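Trainee: Provided below: entry-v1.csv, containing CSV, C-alpha atoms and all ligand atoms.
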```csv
chain,number,residue,atom,x,y,z
A,1,MET,CA,94.8,73.8,113.2
A,2,THR,CA,91.6,72.2,114.5
A,3,HIS,CA,88.6,71.7,112.2
A,4,ASN,CA,86.8,74.5,114.0
A,5,GLU,CA,89.7,76.9,113.6
A,6,LEU,CA,90.0,76.0,109.9
A,7,THR,CA,86.3,76.6,109.3
A,8,TRP,CA,86.4,79.9,111.2
A,9,LYS,CA,89.5,81.0,109.1
A,10,PHE,CA,87.7,80.0,105.8
A,11,LEU,CA,84.5,81.9,106.8
A,12,ASN,CA,86.4,85.0,107.7
A,13,GLU,CA,88.6,85.0,104.6
A,14,PHE,CA,85.7,84.3,102.2
A,15,ASP,CA,84.5,87.8,101.5
A,16,VAL,CA,86.8,90.1,99.6
A,17,GLU,CA,86.9,93.8,100.4
A,18,SER,CA,87.1,96.7,97.9
A,19,SER,CA,90.3,98.7,97.9
A,20,THR,CA,88.5,101.5,99.8
A,21,GLN,CA,87.2,99.0,102.4
A,22,ALA,CA,90.7,97.6,102.8
A,23,GLN,CA,92.1,101.1,103.3
A,24,ALA,CA,89.4,101.8,105.9
A,25,ARG,CA,90.3,98.6,107.7
A,26,ALA,CA,94.0,99.5,107.7
A,27,ILE,CA,93.4,103.0,109.1
A,28,SER,CA,90.9,101.6,111.7
A,29,LEU,CA,93.6,99.2,112.9
A,30,GLU,CA,96.1,102.0,113.0
A,31,HIS,CA,93.8,103.9,115.3
A,32,GLY,CA,93.4,100.8,117.5
A,33,LEU,CA,89.8,100.3,116.6
A,34,ASN,CA,88.2,96.9,116.3
A,35,PRO,CA,86.6,97.0,112.9
A,36,ILE,CA,84.0,94.4,111.8
A,37,SER,CA,85.4,91.4,109.9
A,38,PRO,CA,84.7,91.0,106.2
A,39,ALA,CA,82.2,88.2,106.9
A,40,VAL,CA,80.3,90.5,109.2
A,41,GLY,CA,80.5,93.3,106.6
A,42,ALA,CA,79.1,91.0,103.9
A,43,GLN,CA,76.2,90.1,106.3
A,44,LEU,CA,75.6,93.9,106.9
A,45,ALA,CA,75.4,94.4,103.1
A,46,LEU,CA,73.1,91.5,102.7
A,47,VAL,CA,70.7,92.8,105.4
A,48,ALA,CA,70.8,96.3,103.9
A,49,ALA,CA,69.8,94.8,100.5
A,50,ALA,CA,67.3,92.4,101.9
A,51,THR,CA,65.4,95.0,103.8
A,52,ASN,CA,65.5,97.3,100.7
A,53,ALA,CA,66.9,99.9,103.0
A,54,THR,CA,66.5,103.6,102.4
A,55,ASN,CA,67.3,104.8,105.9
A,56,MET,CA,70.0,103.3,108.1
A,57,ILE,CA,71.6,104.3,111.3
A,58,GLU,CA,74.9,103.3,112.8
A,59,ILE,CA,76.2,103.7,116.4
A,60,GLY,CA,80.1,103.8,116.2
A,61,THR,CA,81.3,105.1,112.8
A,62,GLY,CA,84.9,104.3,113.5
A,63,CYS,CA,86.8,105.2,110.3
A,64,GLY,CA,83.9,104.2,108.1
A,65,LEU,CA,84.4,100.5,107.3
A,66,SER,CA,81.0,99.2,108.6
A,67,GLY,CA,79.3,102.2,106.9
A,68,LEU,CA,80.9,101.3,103.6
A,69,TRP,CA,79.7,97.7,103.9
A,70,LEU,CA,76.1,98.9,104.8
A,71,LEU,CA,76.0,101.3,101.8
A,72,SER,CA,77.4,98.7,99.5
A,73,GLY,CA,74.2,96.7,100.0
A,74,ALA,CA,71.9,99.7,99.6
A,75,PRO,CA,73.8,102.3,97.6
A,76,GLU,CA,70.7,104.6,97.3
A,77,ALA,CA,70.1,104.6,101.1
A,78,THR,CA,70.9,107.4,103.5
A,79,LEU,CA,73.2,106.5,106.4
A,80,THR,CA,73.3,108.4,109.7
A,81,SER,CA,76.3,107.5,111.7
A,82,ILE,CA,77.2,108.6,115.3
A,83,ASP,CA,80.6,108.7,116.9
A,84,PRO,CA,82.1,111.1,119.5
A,85,GLU,CA,85.5,111.3,117.6
A,86,PHE,CA,85.6,114.1,115.0
A,87,GLU,CA,88.9,112.8,113.7
A,88,TYR,CA,87.3,109.4,112.8
A,89,HIS,CA,84.5,111.2,111.1
A,90,GLU,CA,86.9,113.2,108.9
A,91,GLN,CA,88.6,110.0,107.9
A,92,ALA,CA,85.3,108.2,107.3
A,93,ARG,CA,84.1,111.0,105.1
A,94,GLU,CA,87.1,110.7,102.9
A,95,PHE,CA,86.4,107.0,102.4
A,96,PHE,CA,82.6,107.5,101.7
A,97,THR,CA,83.5,110.1,99.1
A,98,GLU,CA,86.2,107.8,97.6
A,99,ALA,CA,83.6,105.0,97.3
A,100,GLY,CA,81.2,107.3,95.5
A,101,PHE,CA,78.6,107.9,98.3
A,102,PRO,CA,77.7,111.6,98.2
A,103,ALA,CA,77.9,113.7,101.4
A,104,SER,CA,74.1,114.3,101.1
A,105,ARG,CA,73.5,110.6,101.8
A,106,VAL,CA,75.9,110.2,104.7
A,107,ARG,CA,75.0,112.2,107.8
A,108,LEU,CA,77.8,112.1,110.4
A,109,ILE,CA,76.8,113.2,113.8
A,110,THR,CA,79.7,113.8,116.2
A,111,GLY,CA,78.5,113.0,119.7
A,112,LYS,CA,77.8,110.3,122.2
A,113,ALA,CA,75.1,107.8,121.2
A,114,LEU,CA,73.1,108.2,124.4
A,115,ASP,CA,73.0,112.0,123.9
A,116,VAL,CA,72.0,111.8,120.2
A,117,LEU,CA,69.7,108.7,120.0
A,118,PRO,CA,66.8,110.1,122.1
A,119,ARG,CA,66.4,112.8,119.4
A,120,MET,CA,66.0,110.3,116.6
A,121,ASN,CA,62.6,109.3,115.3
A,122,GLU,CA,61.1,106.0,116.3
A,123,ASN,CA,60.1,103.3,113.8
A,124,SER,CA,62.0,105.1,111.1
A,125,TYR,CA,65.0,103.0,110.2
A,126,ASP,CA,65.3,99.9,108.1
A,127,VAL,CA,68.7,98.9,109.5
A,128,VAL,CA,70.3,99.9,112.8
A,129,LEU,CA,73.9,98.9,113.5
A,130,VAL,CA,75.0,98.9,117.2
A,131,ASP,CA,78.8,99.1,117.4
A,132,GLY,CA,79.7,101.9,119.8
A,133,ASP,CA,80.8,101.8,123.5
A,134,PRO,CA,80.6,98.1,124.6
A,135,ASN,CA,79.7,99.3,128.1
A,136,GLN,CA,76.5,100.9,126.8
A,137,VAL,CA,75.4,98.1,124.5
A,138,GLU,CA,72.2,97.4,126.5
A,139,GLN,CA,71.0,101.0,126.4
A,140,ASN,CA,72.1,101.3,122.7
A,141,VAL,CA,70.1,98.2,121.8
A,142,GLU,CA,67.0,99.5,123.6
A,143,HIS,CA,67.3,102.6,121.4
A,144,ALA,CA,67.9,100.5,118.3
A,145,LEU,CA,64.6,98.6,119.0
A,146,ARG,CA,62.8,101.9,119.3
A,147,LEU,CA,64.3,103.3,116.1
A,148,VAL,CA,63.9,100.3,113.8
A,149,ARG,CA,60.7,99.9,111.8
A,150,VAL,CA,58.6,96.7,111.9
A,151,GLY,CA,60.3,94.5,109.4
A,152,GLY,CA,63.7,96.2,109.9
A,153,THR,CA,66.8,94.6,111.4
A,154,VAL,CA,69.2,95.5,114.2
A,155,LEU,CA,72.7,94.2,113.9
A,156,VAL,CA,75.1,93.9,116.9
A,157,PRO,CA,78.7,92.9,115.9
A,158,HIS,CA,81.3,91.9,118.6
A,159,ILE,CA,78.5,90.4,120.6
A,160,LEU,CA,80.7,87.4,121.7
A,161,HIS,CA,83.5,89.8,122.8
A,162,ASP,CA,86.4,87.6,121.7
A,163,GLY,CA,85.1,84.5,123.4
A,164,ASP,CA,84.5,86.3,126.7
A,165,VAL,CA,80.7,85.9,126.6
A,166,ALA,CA,81.0,82.1,126.5
A,167,ASN,CA,83.5,82.1,129.4
A,168,PRO,CA,81.6,82.1,132.7
A,169,ALA,CA,84.7,83.3,134.5
A,170,LYS,CA,84.5,86.6,132.6
A,171,ARG,CA,82.1,88.9,134.4
A,172,THR,CA,83.1,92.5,133.5
A,173,ALA,CA,80.3,95.1,133.1
A,174,ALA,CA,80.6,95.0,129.3
A,175,VAL,CA,80.5,91.2,129.1
A,176,ASN,CA,77.5,91.1,131.5
A,177,GLY,CA,75.8,93.7,129.3
A,178,LEU,CA,76.3,91.6,126.2
A,179,ARG,CA,74.9,88.5,127.9
A,180,ALA,CA,71.9,90.5,129.0
A,181,VAL,CA,71.3,91.6,125.4
A,182,LEU,CA,71.5,88.0,124.2
A,183,THR,CA,69.1,86.8,126.9
A,184,ALA,CA,66.6,89.6,126.1
A,185,ALA,CA,66.8,88.7,122.4
A,186,GLN,CA,66.0,85.1,123.2
A,187,GLU,CA,63.1,86.0,125.4
A,188,SER,CA,61.5,88.8,123.4
A,189,GLU,CA,58.3,88.1,121.5
A,190,ASN,CA,58.6,91.2,119.4
A,191,ILE,CA,61.6,90.1,117.4
A,192,VAL,CA,63.1,87.2,115.5
A,193,ALA,CA,66.7,86.8,116.5
A,194,ALA,CA,69.7,84.9,115.1
A,195,LEU,CA,73.3,84.6,116.6
A,196,SER,CA,76.0,84.1,114.0
A,197,PRO,CA,79.7,83.2,114.8
A,198,ALA,CA,81.0,85.5,112.1
A,199,GLY,CA,83.8,87.8,113.3
A,200,ASP,CA,83.6,87.8,117.1
A,201,GLY,CA,79.8,87.2,116.9
A,202,LEU,CA,77.0,89.0,115.2
A,203,LEU,CA,73.5,89.2,116.8
A,204,GLN,CA,70.8,90.1,114.3
A,205,PHE,CA,67.2,90.6,115.0
A,206,THR,CA,64.2,91.7,113.0
A,207,LYS,CA,61.3,93.6,114.6
A,208,ILE,CA,58.0,91.8,114.0
A,209,SER,CA,55.7,93.9,116.2
B,301,LIG,C1,84.5,99.1,117.3
B,301,LIG,S1,84.6,100.7,116.9
B,301,LIG,C2,83.5,100.9,115.5
B,301,LIG,C3,84.0,100.3,114.3
B,301,LIG,C4,83.2,100.5,113.1
B,301,LIG,N1,81.8,100.2,113.3
B,301,LIG,C5,83.7,99.6,112.0
B,301,LIG,O1,83.5,98.4,112.1
B,301,LIG,O2,84.3,100.1,111.1
B,301,LIG,C6,83.7,101.5,118.2
B,301,LIG,C7,83.4,103.0,117.9
B,301,LIG,O3,82.5,103.4,118.9
B,301,LIG,C8,82.8,104.8,119.2
B,301,LIG,N2,82.2,105.2,120.4
B,301,LIG,C9,82.8,105.1,121.7
B,301,LIG,N3,81.9,105.6,122.6
B,301,LIG,C10,80.8,105.9,121.9
B,301,LIG,C11,79.5,106.5,122.2
B,301,LIG,N4,79.3,106.8,123.5
B,301,LIG,N5,78.6,106.7,121.3
B,301,LIG,C12,78.9,106.4,119.9
B,301,LIG,N6,80.1,105.9,119.6
B,301,LIG,C13,81.0,105.6,120.5
B,301,LIG,C14,84.4,104.8,119.1
B,301,LIG,O4,84.9,106.1,119.0
B,301,LIG,C15,84.7,103.9,118.0
B,301,LIG,O5,84.8,104.6,116.8
```
Now, as a test, write the supplied structure out as structure tokens.
Mentor:
Amino acid sequence: MTHNELTWKFLNEFDVESSTQAQARAISLEHGLNPISPAVGAQLALVAAATNATNMIEIGTGCGLSGLWLLSGAPEATLTSIDPEFEYHEQAREFFTEAGFPASRVRLITGKALDVLPRMNENSYDVVLVDGDPNQVEQNVEHALRLVRVGGTVLVPHILHDGDVANPAKRTAAVNGLRAVLTAAQESENIVAALSPAGDGLLQFTKIS
């Protein structure tokens, strides 16, 4: 293994998941989903804790793994999570309950993000996770910026799309959309952004105005 491969392996094996998180990961993989890595999950928990989050929203519930990580950092917060797949929501609900998060604090909205997000209140969320349809990442991030409060943070996992974003030969709509989000994050004066190599890339930005 190269030095870089060893470092990446160490980074992504450093954080240990709870048994509920490990089950959520296993079920997510069974469904062919691409759940966040433990290193990304730990960063989500840290951001939830650091922003003293009381109100969080997630695009792309999957089977609940990322929501479990978010809530682990802010156990008293309310999480709203959007996904079009009812079956995933049923599964996620079981994991939230098993982990001790009451149904009253986890609002699962079955629907497509671009149908649901326009109805959500702006400047109202401490943390917004964008992990839905990769082809809609630009529109989802625009909504995330509208929804997050000043001082709150938007998290975009899978931003490097398994190395495709760094490869100029890859020019699918999804990859171009991810590049556009990264460029906008670099250029915006209203946010402070950081790109982390955890998982397959995690873009984080905090709204400052
Ligand atoms: C990568 S998976 C999410 C994994 C989850 N965040 C985790 O790490 O545990 C992407 C999810 O986005 C959902 N999805 C697909 N299209 C969507 C849309 N238009 N709006 C919201 N979610 C969508 C999929 O059903 C899938 O559950």
Trainee: Which residue out of A:Gly73, A:Pro168, A:Asp115, A:Ala174 has the minimum interatomic distance to Gln136 (chain A) when only C-alpha atoms are used?
Mentor: A:Ala174
Trainee: Considering all atoms listed in the file, state which residue in the set A:Glu122, A:Glu76, A:Glu58, A:Asp15 is at the smallest distance from ligand LIG 301 (chain B).
Mentor: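 Selected residue with least distance to ligand LIG 301 (chain B): A:Glu58.
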Trainee: Got a sec to check which residues sit within 12 Å of (82.2, 101.3, 118.9), counting only C-alpha atoms, and write them as an NGL selection string?
Mentor: :A and (28 or 32-36 or 58-66 or 81-85 or 88 or 112-113 or 129-137 or 140 or 156-159)
Trainee: For Glu189 (chain A), list every protein, DNA or RNA residue within 9 Å, evaluated using all atoms listed in the file, and leave out those in the same chain fewer than 4 positions away; present the list as a list in words.
Mentor: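 Those residues are Ala185, Ile208 and Ser209 of chain A.
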Trainee: Measuring atom to atom with all atoms listed in the file, identify which of A:Asn176, A:Ser104, A:Ser37, A:Ser188 is nearest to ligand LIG 301 (chain B).
Mentor: A:Ser37
Trainee: Applying 9 Å and all atoms listed in the file, which residues near Glu138 (chain A) remain after dropping the ones on its own chain fewer than 3 positions away? List them as a list of chain:residue names.
Mentor: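 My list of contacting residues is A:Pro134, A:Asn135, A:Val141, A:Glu142, A:His143, A:Gly177, A:Leu178, A:Ala180, A:Val181.
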Trainee: For Gly163 (chain A), which residue out of A:Gly199, A:Trp69, A:Thr183, A:Pro102 is the nearest one, using only C-alpha atoms?
Mentor: A:Gly199
Trainee: Measuring between all atoms listed in the file, which one of A:Ala103, A:Leu108, A:Met120, A:Leu71 shows the shortest distance to His89 (chain A)?
Mentor: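 Counting all atoms listed in the file, the residue closest to His89 (chain A) is A:Leu108.
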Trainee: CA of Val116 (chain A) and CA of Arg146 (chain A), how far apart in Å?
Mentor: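 Calculated distance between CA of Arg146 (chain A) and CA of Val116 (chain A) is 13.5 Å.
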Trainee: In terms of the shortest atom-to-atom distance over all atoms listed in the file, which of A:Val175, A:Ala74, A:Ala24, A:Ala194 is closest to ligand LIG 301 (chain B)?
Mentor: A:Ala24
Trainee: What residues have an atom no more than 10 Å from (81.4, 111.2, 104.1) in the file's own frame, counting all atoms listed in the file, and can you write them as JSON, numbers by chain?
Mentor: {"A": [64, 67, 68, 79, 81, 89, 90, 91, 92, 93, 94, 95, 96, 97, 98, 99, 100, 101, 102, 103, 104, 105, 106, 107, 108]}
Trainee: For CA of Arg149 (chain A) and CA of Glu17 (chain A), quote the distance in Å rounded to one decimal.
Mentor: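 It comes out at 29.2 Å.
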Trainee: Using all atoms listed in the file, determine which residues lie at most 10 Å from Val148 (chain A), disregarding the query and same-chain residues fewer than 3 positions distant; provide the list as a ChimeraX atom specification.
Mentor: /A:55-57,121-128,143-145,151-154,206-207
Trainee: Have a look at CA of Val150 (chain A) and atom C13 of ligand LIG 301 (chain B) and let me know their distance in Å, one decimal.
Mentor: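 Answer for the CA of Val150 (chain A) to atom C13 of ligand LIG 301 (chain B) separation: 25.6 Å.
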